[in-house]
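Shown next: protein01.pdb, containing PDB, C-alpha atoms.
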ATOM      1  CA  GLY A 188     160.618 150.221  59.669  1.00  0.00           C
ATOM      2  CA  ARG A 189     158.788 150.841  62.911  1.00  0.00           C
ATOM      3  CA  THR A 190     160.917 152.111  65.774  1.00  0.00           C
ATOM      4  CA  ILE A 191     160.654 150.691  69.257  1.00  0.00           C
ATOM      5  CA  SER A 192     159.237 153.403  71.478  1.00  0.00           C
ATOM      6  CA  ASP A 193     159.957 154.116  75.120  1.00  0.00           C
ATOM      7  CA  GLY A 194     158.539 151.485  77.414  1.00  0.00           C
ATOM      8  CA  PHE A 195     158.503 148.725  74.798  1.00  0.00           C
ATOM      9  CA  MET A 196     159.768 145.518  76.312  1.00  0.00           C
ATOM     10  CA  ALA A 197     158.871 143.047  73.598  1.00  0.00           C
ATOM     11  CA  ALA A 198     157.307 143.260  70.150  1.00  0.00           C
ATOM     12  CA  TRP A 199     156.080 140.209  68.272  1.00  0.00           C
ATOM     13  CA  ASN A 200     155.405 141.069  64.621  1.00  0.00           C
ATOM     14  CA  PHE A 201     154.689 137.409  63.718  1.00  0.00           C
ATOM     15  CA  ASP A 202     156.190 137.860  60.249  1.00  0.00           C
ATOM     16  CA  GLU A 203     158.449 134.797  60.407  1.00  0.00           C
ATOM     17  CA  ARG A 204     157.726 132.141  57.792  1.00  0.00           C
ATOM     18  CA  GLU A 205     160.118 129.532  59.155  1.00  0.00           C
ATOM     19  CA  PHE A 206     160.045 127.690  62.473  1.00  0.00           C
ATOM     20  CA  PRO A 207     160.797 126.491  65.161  1.00  0.00           C
ATOM     21  CA  ASP A 208     162.335 129.696  66.563  1.00  0.00           C
ATOM     22  CA  SER A 209     160.766 133.105  66.374  1.00  0.00           C
ATOM     23  CA  ILE A 210     162.705 135.985  67.853  1.00  0.00           C
ATOM     24  CA  VAL A 211     161.111 138.347  70.313  1.00  0.00           C
ATOM     25  CA  LYS A 212     162.488 141.815  69.681  1.00  0.00           C
ATOM     26  CA  THR A 213     163.154 143.864  72.772  1.00  0.00           C
ATOM     27  CA  SER A 214     164.218 147.442  73.299  1.00  0.00           C
ATOM     28  CA  GLY A 215     167.505 146.194  74.762  1.00  0.00           C
ATOM     29  CA  ASP A 216     170.276 143.980  73.435  1.00  0.00           C
ATOM     30  CA  ASN A 217     168.858 140.759  74.847  1.00  0.00           C
ATOM     31  CA  PRO A 218     166.221 139.384  72.463  1.00  0.00           C
ATOM     32  CA  PHE A 219     164.265 136.515  73.955  1.00  0.00           C
ATOM     33  CA  LYS A 220     163.654 133.432  71.876  1.00  0.00           C
ATOM     34  CA  GLY A 221     160.177 132.007  71.659  1.00  0.00           C
ATOM     35  CA  ARG A 222     159.918 128.209  71.564  1.00  0.00           C
ATOM     36  CA  VAL A 223     157.269 127.615  68.914  1.00  0.00           C
ATOM     37  CA  THR A 224     155.157 124.438  68.881  1.00  0.00           C
ATOM     38  CA  ASP A 225     152.592 123.603  66.174  1.00  0.00           C
ATOM     39  CA  VAL A 226     152.124 127.183  64.996  1.00  0.00           C
ATOM     40  CA  THR A 227     151.814 128.021  61.300  1.00  0.00           C
ATOM     41  CA  ALA A 228     152.273 131.225  59.311  1.00  0.00           C
ATOM     42  CA  GLY A 229     149.309 133.094  57.860  1.00  0.00           C
ATOM     43  CA  ASP A 230     148.257 136.505  56.633  1.00  0.00           C
ATOM     44  CA  GLY A 231     148.062 139.282  59.210  1.00  0.00           C
ATOM     45  CA  ILE A 232     147.048 142.885  59.620  1.00  0.00           C
ATOM     46  CA  ILE A 233     150.630 143.924  58.839  1.00  0.00           C
ATOM     47  CA  GLY A 234     152.601 141.312  56.920  1.00  0.00           C
ATOM     48  CA  GLY A 235     152.255 137.860  58.401  1.00  0.00           C
ATOM     49  CA  ALA A 236     150.431 136.474  61.431  1.00  0.00           C
ATOM     50  CA  PHE A 237     150.752 133.302  63.488  1.00  0.00           C
ATOM     51  CA  VAL A 238     147.943 130.763  63.311  1.00  0.00           C
ATOM     52  CA  PHE A 239     147.106 128.629  66.361  1.00  0.00           C
ATOM     53  CA  ASN A 240     145.312 125.305  65.869  1.00  0.00           C
ATOM     54  CA  GLY A 241     143.205 125.186  69.050  1.00  0.00           C
ATOM     55  CA  LYS A 242     144.779 121.883  70.134  1.00  0.00           C
ATOM     56  CA  SER A 243     148.542 121.983  70.590  1.00  0.00           C
ATOM     57  CA  SER A 244     149.834 125.388  69.445  1.00  0.00           C
ATOM     58  CA  ILE A 245     151.890 127.350  71.948  1.00  0.00           C
ATOM     59  CA  ILE A 246     154.770 129.812  72.078  1.00  0.00           C
ATOM     60  CA  GLU A 247     156.848 129.840  75.253  1.00  0.00           C
ATOM     61  CA  ILE A 248     159.143 132.808  75.748  1.00  0.00           C
ATOM     62  CA  GLN A 249     162.417 131.501  77.105  1.00  0.00           C
ATOM     63  CA  GLU A 250     164.103 133.295  80.003  1.00  0.00           C
ATOM     64  CA  SER A 251     160.889 135.216  80.706  1.00  0.00           C
ATOM     65  CA  ALA A 252     159.867 133.416  83.902  1.00  0.00           C
ATOM     66  CA  ASP A 253     161.695 135.604  86.389  1.00  0.00           C
ATOM     67  CA  TYR A 254     162.612 138.508  84.128  1.00  0.00           C
ATOM     68  CA  SER A 255     161.324 141.586  85.938  1.00  0.00           C
ATOM     69  CA  GLY A 256     159.509 142.924  82.887  1.00  0.00           C
ATOM     70  CA  PHE A 257     157.204 139.894  82.748  1.00  0.00           C
ATOM     71  CA  ALA A 258     157.229 138.851  86.430  1.00  0.00           C
ATOM     72  CA  LEU A 259     154.857 141.599  87.465  1.00  0.00           C
ATOM     73  CA  LYS A 260     153.423 142.493  90.835  1.00  0.00           C
ATOM     74  CA  ASP A 261     149.675 142.870  91.201  1.00  0.00           C
ATOM     75  CA  THR A 262     150.162 146.644  91.466  1.00  0.00           C
ATOM     76  CA  SER A 263     152.401 146.889  88.382  1.00  0.00           C
ATOM     77  CA  SER A 264     151.555 149.006  85.350  1.00  0.00           C
ATOM     78  CA  PHE A 265     151.835 147.723  81.796  1.00  0.00           C
ATOM     79  CA  THR A 266     150.268 147.957  78.336  1.00  0.00           C
ATOM     80  CA  ALA A 267     149.613 145.163  75.846  1.00  0.00           C
ATOM     81  CA  SER A 268     148.538 145.877  72.269  1.00  0.00           C
ATOM     82  CA  PHE A 269     147.560 143.145  69.790  1.00  0.00           C
ATOM     83  CA  TRP A 270     145.286 141.998  66.955  1.00  0.00           C
ATOM     84  CA  VAL A 271     143.278 138.789  67.280  1.00  0.00           C
ATOM     85  CA  ASN A 272     141.132 136.833  64.818  1.00  0.00           C
ATOM     86  CA  VAL A 273     139.040 134.156  66.557  1.00  0.00           C
ATOM     87  CA  GLU A 274     137.997 131.071  64.581  1.00  0.00           C
ATOM     88  CA  ASP A 275     136.222 129.240  67.377  1.00  0.00           C
ATOM     89  CA  THR A 276     134.069 130.613  70.186  1.00  0.00           C
ATOM     90  CA  SER A 277     132.740 127.349  71.617  1.00  0.00           C
ATOM     91  CA  THR A 278     135.104 127.292  74.598  1.00  0.00           C
ATOM     92  CA  SER A 279     137.328 129.612  76.596  1.00  0.00           C
ATOM     93  CA  ARG A 280     140.793 130.113  75.136  1.00  0.00           C
ATOM     94  CA  PHE A 281     143.908 131.916  76.350  1.00  0.00           C
ATOM     95  CA  ILE A 282     145.550 134.595  74.178  1.00  0.00           C
ATOM     96  CA  TRP A 283     148.624 135.412  76.291  1.00  0.00           C
ATOM     97  CA  GLY A 284     149.812 135.480  79.873  1.00  0.00           C
ATOM     98  CA  LYS A 285     151.966 133.829  82.502  1.00  0.00           C
ATOM     99  CA  SER A 286     150.976 131.121  84.981  1.00  0.00           C
ATOM    100  CA  GLU A 287     147.281 131.141  85.788  1.00  0.00           C
ATOM    101  CA  ALA A 288     148.215 132.293  89.297  1.00  0.00           C
ATOM    102  CA  GLU A 289     149.764 135.441  87.856  1.00  0.00           C
ATOM    103  CA  TYR A 290     147.955 137.067  84.893  1.00  0.00           C
ATOM    104  CA  HIS A 291     146.458 136.338  81.482  1.00  0.00           C
ATOM    105  CA  PHE A 292     144.129 137.627  78.755  1.00  0.00           C
ATOM    106  CA  LYS A 293     141.568 135.258  77.290  1.00  0.00           C
ATOM    107  CA  TYR A 294     138.362 134.796  75.356  1.00  0.00           C
ATOM    108  CA  GLN A 295     135.717 133.587  77.813  1.00  0.00           C
ATOM    109  CA  ALA A 296     132.948 131.578  76.171  1.00  0.00           C
ATOM    110  CA  GLY A 297     129.409 132.011  77.423  1.00  0.00           C
ATOM    111  CA  ASP A 298     125.875 132.195  76.133  1.00  0.00           C
ATOM    112  CA  SER A 299     125.517 134.122  72.881  1.00  0.00           C
ATOM    113  CA  ASP A 300     125.046 137.401  74.710  1.00  0.00           C
ATOM    114  CA  ARG A 301     127.518 136.781  77.530  1.00  0.00           C
ATOM    115  CA  SER A 302     130.795 135.809  75.896  1.00  0.00           C
ATOM    116  CA  SER A 303     133.573 138.162  76.875  1.00  0.00           C
ATOM    117  CA  TRP A 304     137.169 139.236  76.646  1.00  0.00           C
ATOM    118  CA  MET A 305     138.804 138.962  80.036  1.00  0.00           C
ATOM    119  CA  TYR A 306     142.002 140.118  81.700  1.00  0.00           C
ATOM    120  CA  LYS A 307     142.478 138.140  84.896  1.00  0.00           C
ATOM    121  CA  GLU A 308     145.152 138.082  87.576  1.00  0.00           C
ATOM    122  CA  LEU A 309     145.779 136.926  91.105  1.00  0.00           C
ATOM    123  CA  ASP A 310     145.664 139.865  93.487  1.00  0.00           C
ATOM    124  CA  GLU A 311     147.264 139.613  96.902  1.00  0.00           C
ATOM    125  CA  SER A 312     147.535 143.269  97.777  1.00  0.00           C
ATOM    126  CA  ASP A 313     146.181 142.628 101.279  1.00  0.00           C
ATOM    127  CA  LEU A 314     145.646 139.617 103.520  1.00  0.00           C
ATOM    128  CA  ASP A 315     143.001 138.086 101.268  1.00  0.00           C
ATOM    129  CA  HIS A 316     143.933 136.486  97.985  1.00  0.00           C
ATOM    130  CA  TRP A 317     141.524 136.634  95.069  1.00  0.00           C
ATOM    131  CA  TYR A 318     141.362 136.403  91.325  1.00  0.00           C
ATOM    132  CA  GLU A 319     140.292 139.712  89.852  1.00  0.00           C
ATOM    133  CA  ALA A 320     138.861 139.723  86.346  1.00  0.00           C
ATOM    134  CA  SER A 321     138.280 142.782  84.168  1.00  0.00           C
ATOM    135  CA  ILE A 322     135.584 141.751  81.705  1.00  0.00           C
ATOM    136  CA  ALA A 323     134.512 143.344  78.398  1.00  0.00           C
ATOM    137  CA  ILE A 324     131.503 141.866  76.592  1.00  0.00           C
ATOM    138  CA  ALA A 325     132.424 140.234  73.260  1.00  0.00           C
ATOM    139  CA  PRO A 326     129.872 141.008  70.528  1.00  0.00           C
ATOM    140  CA  GLU A 327     129.211 138.346  67.915  1.00  0.00           C
ATOM    141  CA  THR A 328     130.886 140.631  65.374  1.00  0.00           C
ATOM    142  CA  ASP A 329     134.238 139.716  66.968  1.00  0.00           C
ATOM    143  CA  TYR A 330     133.969 136.265  65.388  1.00  0.00           C
ATOM    144  CA  LYS A 331     136.173 135.453  62.358  1.00  0.00           C
ATOM    145  CA  GLN A 332     137.510 138.947  61.805  1.00  0.00           C
ATOM    146  CA  TRP A 333     140.440 140.988  63.054  1.00  0.00           C
ATOM    147  CA  VAL A 334     139.864 142.919  66.277  1.00  0.00           C
ATOM    148  CA  HIS A 335     142.426 145.170  67.950  1.00  0.00           C
ATOM    149  CA  PHE A 336     142.870 145.298  71.721  1.00  0.00           C
ATOM    150  CA  THR A 337     144.903 147.465  74.028  1.00  0.00           C
ATOM    151  CA  VAL A 338     144.965 146.381  77.672  1.00  0.00           C
ATOM    152  CA  VAL A 339     146.267 149.069  80.027  1.00  0.00           C
ATOM    153  CA  LYS A 340     146.920 148.227  83.661  1.00  0.00           C
ATOM    154  CA  SER A 341     147.723 151.111  85.964  1.00  0.00           C
ATOM    155  CA  GLY A 342     148.138 149.967  89.548  1.00  0.00           C
ATOM    156  CA  ASP A 343     144.822 148.531  90.674  1.00  0.00           C
ATOM    157  CA  SER A 344     142.778 149.536  87.624  1.00  0.00           C
ATOM    158  CA  THR A 345     142.608 147.878  84.210  1.00  0.00           C
ATOM    159  CA  ALA A 346     141.247 149.426  81.002  1.00  0.00           C
ATOM    160  CA  ILE A 347     140.385 147.442  77.857  1.00  0.00           C
ATOM    161  CA  PHE A 348     140.230 149.248  74.512  1.00  0.00           C
ATOM    162  CA  ARG A 349     138.587 147.451  71.573  1.00  0.00           C
ATOM    163  CA  ASN A 350     139.336 148.907  68.131  1.00  0.00           C
ATOM    164  CA  GLY A 351     140.607 152.064  69.786  1.00  0.00           C
ATOM    165  CA  LYS A 352     137.551 152.665  71.972  1.00  0.00           C
ATOM    166  CA  LEU A 353     137.377 152.244  75.750  1.00  0.00           C
ATOM    167  CA  GLU A 354     135.096 149.362  76.705  1.00  0.00           C
ATOM    168  CA  ASP A 355     132.779 149.231  79.702  1.00  0.00           C
ATOM    169  CA  VAL A 356     134.568 146.850  82.036  1.00  0.00           C
ATOM    170  CA  LEU A 357     132.918 144.711  84.695  1.00  0.00           C
ATOM    171  CA  ILE A 358     135.030 143.701  87.695  1.00  0.00           C
ATOM    172  CA  SER A 359     134.666 140.224  89.156  1.00  0.00           C
ATOM    173  CA  ARG A 360     136.503 138.815  92.157  1.00  0.00           C
ATOM    174  CA  ASN A 361     136.597 135.344  93.635  1.00  0.00           C
ATOM    175  CA  ASN A 362     138.617 134.324  96.677  1.00  0.00           C
ATOM    176  CA  THR A 363     141.348 131.715  96.424  1.00  0.00           C
ATOM    177  CA  ASP A 364     143.948 129.993  98.552  1.00  0.00           C
ATOM    178  CA  ASP A 365     146.420 130.224  95.673  1.00  0.00           C
ATOM    179  CA  LYS A 366     149.447 132.426  95.983  1.00  0.00           C
ATOM    180  CA  ARG A 367     150.702 134.622  93.182  1.00  0.00           C
ATOM    181  CA  THR A 368     153.527 132.851  91.367  1.00  0.00           C
ATOM    182  CA  SER A 369     155.955 134.258  88.837  1.00  0.00           C
ATOM    183  CA  ASP A 370     158.024 131.188  87.987  1.00  0.00           C
ATOM    184  CA  GLY A 371     156.126 130.283  84.825  1.00  0.00           C
ATOM    185  CA  PRO A 372     157.177 131.502  81.365  1.00  0.00           C
ATOM    186  CA  PHE A 373     155.320 134.155  79.388  1.00  0.00           C
ATOM    187  CA  VAL A 374     153.138 132.117  77.032  1.00  0.00           C
ATOM    188  CA  ILE A 375     151.322 133.085  73.835  1.00  0.00           C
ATOM    189  CA  GLY A 376     148.299 131.173  72.549  1.00  0.00           C
ATOM    190  CA  ALA A 377     147.540 128.781  75.406  1.00  0.00           C
ATOM    191  CA  ARG A 378     147.531 128.153  79.135  1.00  0.00           C
ATOM    192  CA  LYS A 379     150.464 126.214  80.555  1.00  0.00           C
ATOM    193  CA  GLN A 380     149.792 124.921  84.045  1.00  0.00           C
ATOM    194  CA  SER A 381     152.472 124.386  86.679  1.00  0.00           C
ATOM    195  CA  SER A 382     152.171 120.638  86.007  1.00  0.00           C
ATOM    196  CA  GLY A 383     153.301 121.294  82.433  1.00  0.00           C
ATOM    197  CA  LYS A 384     149.875 120.560  80.969  1.00  0.00           C
ATOM    198  CA  VAL A 385     148.918 122.797  78.042  1.00  0.00           C
ATOM    199  CA  ASP A 386     145.223 123.546  77.499  1.00  0.00           C
ATOM    200  CA  ARG A 387     142.771 126.309  76.590  1.00  0.00           C
ATOM    201  CA  VAL A 388     144.683 126.623  73.309  1.00  0.00           C
ATOM    202  CA  PHE A 389     143.685 129.551  71.128  1.00  0.00           C
ATOM    203  CA  LYS A 390     142.167 128.793  67.708  1.00  0.00           C
ATOM    204  CA  GLY A 391     142.715 131.605  65.254  1.00  0.00           C
ATOM    205  CA  SER A 392     145.364 134.163  64.329  1.00  0.00           C
ATOM    206  CA  LEU A 393     147.420 136.694  66.291  1.00  0.00           C
ATOM    207  CA  ASP A 394     149.367 139.667  64.994  1.00  0.00           C
ATOM    208  CA  GLU A 395     151.422 142.622  66.267  1.00  0.00           C
ATOM    209  CA  LEU A 396     151.563 141.777  69.984  1.00  0.00           C
ATOM    210  CA  TYR A 397     153.429 144.477  71.913  1.00  0.00           C
ATOM    211  CA  PHE A 398     154.128 144.359  75.625  1.00  0.00           C
ATOM    212  CA  MET A 399     155.236 147.491  77.494  1.00  0.00           C
ATOM    213  CA  ASP A 400     156.145 148.054  81.127  1.00  0.00           C
ATOM    214  CA  GLU A 401     154.230 151.298  81.503  1.00  0.00           C
ATOM    215  CA  ALA A 402     150.602 152.434  81.270  1.00  0.00           C
ATOM    216  CA  LYS A 403     149.843 154.116  77.945  1.00  0.00           C
ATOM    217  CA  SER A 404     147.074 156.686  77.411  1.00  0.00           C
ATOM    218  CA  SER A 405     143.671 156.303  75.760  1.00  0.00           C
ATOM    219  CA  GLU A 406     144.981 158.465  72.911  1.00  0.00           C
ATOM    220  CA  TRP A 407     147.885 156.050  72.437  1.00  0.00           C
ATOM    221  CA  ALA A 408     145.433 153.122  72.258  1.00  0.00           C
ATOM    222  CA  ARG A 409     143.371 154.879  69.598  1.00  0.00           C
ATOM    223  CA  LEU A 410     146.389 155.933  67.549  1.00  0.00           C
ATOM    224  CA  MET A 411     147.864 152.424  67.641  1.00  0.00           C
ATOM    225  CA  TYR A 412     144.609 151.046  66.236  1.00  0.00           C
ATOM    226  CA  LEU A 413     144.290 153.750  63.566  1.00  0.00           C
ATOM    227  CA  ASN A 414     147.936 153.397  62.575  1.00  0.00           C
ATOM    228  CA  GLN A 415     147.721 149.643  62.039  1.00  0.00           C
ATOM    229  CA  LYS A 416     144.229 148.938  60.777  1.00  0.00           C
ATOM    230  CA  PRO A 417     143.623 148.232  57.092  1.00  0.00           C
ATOM    231  CA  THR A 418     143.114 151.428  55.127  1.00  0.00           C
ATOM    232  CA  GLY A 419     140.030 149.986  53.442  1.00  0.00           C
ATOM    233  CA  SER A 420     138.099 150.373  56.713  1.00  0.00           C
ATOM    234  CA  TRP A 421     139.280 153.926  57.412  1.00  0.00           C
ATOM    235  CA  PRO A 422     138.101 155.925  59.324  1.00  0.00           C
ATOM    236  CA  LYS A 423     135.635 153.797  61.313  1.00  0.00           C
TER
END
Encoding of this model in structure tokens:
Amino acid sequence: GRTISDGFMAAWNFDEREFPDSIVKTSGDNPFKGRVTDVTAGDGIIGGAFVFNGKSSIIEIQESADYSGFALKDTSSFTASFWVNVEDTSTSRFIWGKSEAEYHFKYQAGDSDRSSWMYKELDESDLDHWYEASIAIAPETDYKQWVHFTVVKSGDSTAIFRNGKLEDVLISRNNTDDKRTSDGPFVIGARKQSSGKVDRVFKGSLDELYFMDEAKSSEWARLMYLNQKPTGSWPK
């Protein structure tokens, strides 16, 4: 089996076939439990994948709200690696993240040539508060097929790798009166607002989501993609 490398905090393989509980494997002795709602099992890149219905599917990671590994500062470094297969591009949908006033990764719907993948977080590193979005254009080829992403945040900079290659990232900022909050759980497949409302639910499949509390290299991002991708498409 695959070993958990240094820096790994959580690894979701999404191979479970029975619900409601899926176990989040961590590098320590304290595995978090994910509360699974309306998620089904499907075929993934490696073994199984979890399928989200676009309406009510969500996984909430228990005890993650104030755990230091997930309750990040806006200057924290981390790496997320995952495969995503989008079935609907008509509206914006969240892939993973914490409260909207902390951080998340989502598919942002736009005109045919302006849809994007977006990592967004609330930055309060000085007196002004703003939402900062790192945006990578989503080509139409990302629709209804598996795409691998590695998101690497190192301090104030964020890199997005798509299928092992560094994307050109646009930076967008908009001011806000919100304050960064870390009291929401880590959520997979939807946005959960502080009111408890769940929306922006992902429609499609997710596989092999890894979350690490350190910034990995571009070589690591490429090797992770090459190591996991189906051999039939080697060596694109």
Could you produce a table of the residues of stretch 191-294 of chain A lying within 6 Å of stretch 392-395 of chain A, with the nearest pair of atoms per residue and their separation in Å rounded to one decimal, using only C-alpha atoms, ordered by chain and increasing residue number, as JSON lines?
{"residue": "A:Trp199", "atom": "CA", "partner": "A:Glu395", "partner_atom": "CA", "distance": 5.6}
{"residue": "A:Asn200", "atom": "CA", "partner": "A:Glu395", "partner_atom": "CA", "distance": 4.6}
{"residue": "A:Phe201", "atom": "CA", "partner": "A:Asp394", "partner_atom": "CA", "distance": 5.9}
{"residue": "A:Gly231", "atom": "CA", "partner": "A:Asp394", "partner_atom": "CA", "distance": 5.9}
{"residue": "A:Ala236", "atom": "CA", "partner": "A:Asp394", "partner_atom": "CA", "distance": 4.9}
{"residue": "A:Phe237", "atom": "CA", "partner": "A:Leu393", "partner_atom": "CA", "distance": 5.5}
{"residue": "A:Val238", "atom": "CA", "partner": "A:Ser392", "partner_atom": "CA", "distance": 4.4}
{"residue": "A:Phe269", "atom": "CA", "partner": "A:Glu395", "partner_atom": "CA", "distance": 5.3}
{"residue": "A:Trp270", "atom": "CA", "partner": "A:Asp394", "partner_atom": "CA", "distance": 5.1}
{"residue": "A:Val271", "atom": "CA", "partner": "A:Leu393", "partner_atom": "CA", "distance": 4.7}
{"residue": "A:Asn272", "atom": "CA", "partner": "A:Ser392", "partner_atom": "CA", "distance": 5.0}
- Would you translate the PyMOL selection byres ((chain A and resi 311) around 12) into the concrete set of residues it matches in this file, as number ranges by chain? A: 260-262, 288-289, 308-310, 312-319, 343, 360-368
- Message: Can you translate the PyMOL selection byres ((chain A and resi 345) around 10) into the concrete residues it hits in this file, as a list in words?
- Response: Ser264, Phe265, Thr266, Tyr306, Lys307, Ala320, Ser321, Ile322, Val338, Val339, Lys340, Ser341, Gly342, Asp343, Ser344, Ala346, Ile347, Val356, Ile358 and Ala402 of chain A
- Work out how far apart atom CA of A:Asp202 and atom CA of A:Thr227 are and give it in Å to one decimal.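 Taking atom CA of A:Asp202 and atom CA of A:Thr227, their separation equals 10.8 Å.
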- Have a look at A:Arg222, A:Gly241, A:Asp230, A:Gln249 and name the one nearest to A:Asp370; count all atoms listed in the file. A:Gln249
- Please measure the separation of atom CA of A:Phe195 and atom CA of A:Ser263, giving the value in Å to one decimal.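 Distance reported for this atom pair: 15.0 Å.
When atom CA of A:Gln295 is paired with atom CA of A:Thr278, their separation reads 7.1 Å.
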- Message: Let me make sure I understand: among A:Ala252, A:Leu357, A:Ala296, A:Val385, which one has the smallest atom-to-atom distance to A:Glu327 if we use only C-alpha atoms?
- Response: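 Checking each of A:Ala252, A:Leu357, A:Ala296, A:Val385 against A:Glu327, counting only C-alpha atoms, the winner is A:Ala296.
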- Contacts of A:Lys331 at 9 Å (all atoms listed in the file; same-chain gap of 4+ positions) as a PyMOL selection string: chain A and resi 272-275+391
- Task: Would you kindly return, as a ChimeraX atom specification, each protein, DNA or RNA residue with an atom no farther than 12 Å from any atom of A:Ser255, considering all atoms listed in the file and excluding same-chain residues fewer than 5 positions away?
- Result: /A:196,250,260,263,369-370,372-373,399-400
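For A:Ile245, the non-local neighbours within 9 Å, defined as residues at least 5 positions apart in the same chain or in other chains and counting all atoms listed in the file, are Arg222, Val223, Thr224, Asp225, Val226, Phe239, Val374, Ile375, Gly376, Ala377, Arg378, Lys379, Val385, Val388 and Phe389 of chain A.
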- Item | Neighbour list for A:Ser302 as a PyMOL selection string, cut-off 12 Å, all atoms listed in the file, skip fewer than 4 positions in-chain | chain A and resi 276-280+293-298+322-330
- Message: Taking only C-alpha atoms into account, name the residue in A:Asp355, A:Glu287, A:Glu205, A:Glu406 that is nearest to A:Gln380.
- Response: A:Glu287
- Contacts of A:Arg409 at 10 Å (only C-alpha atoms; same-chain gap of 2+ positions) as a VMD selection string: chain A and resid 335 to 337 348 to 353 404 to 407 411 to 414
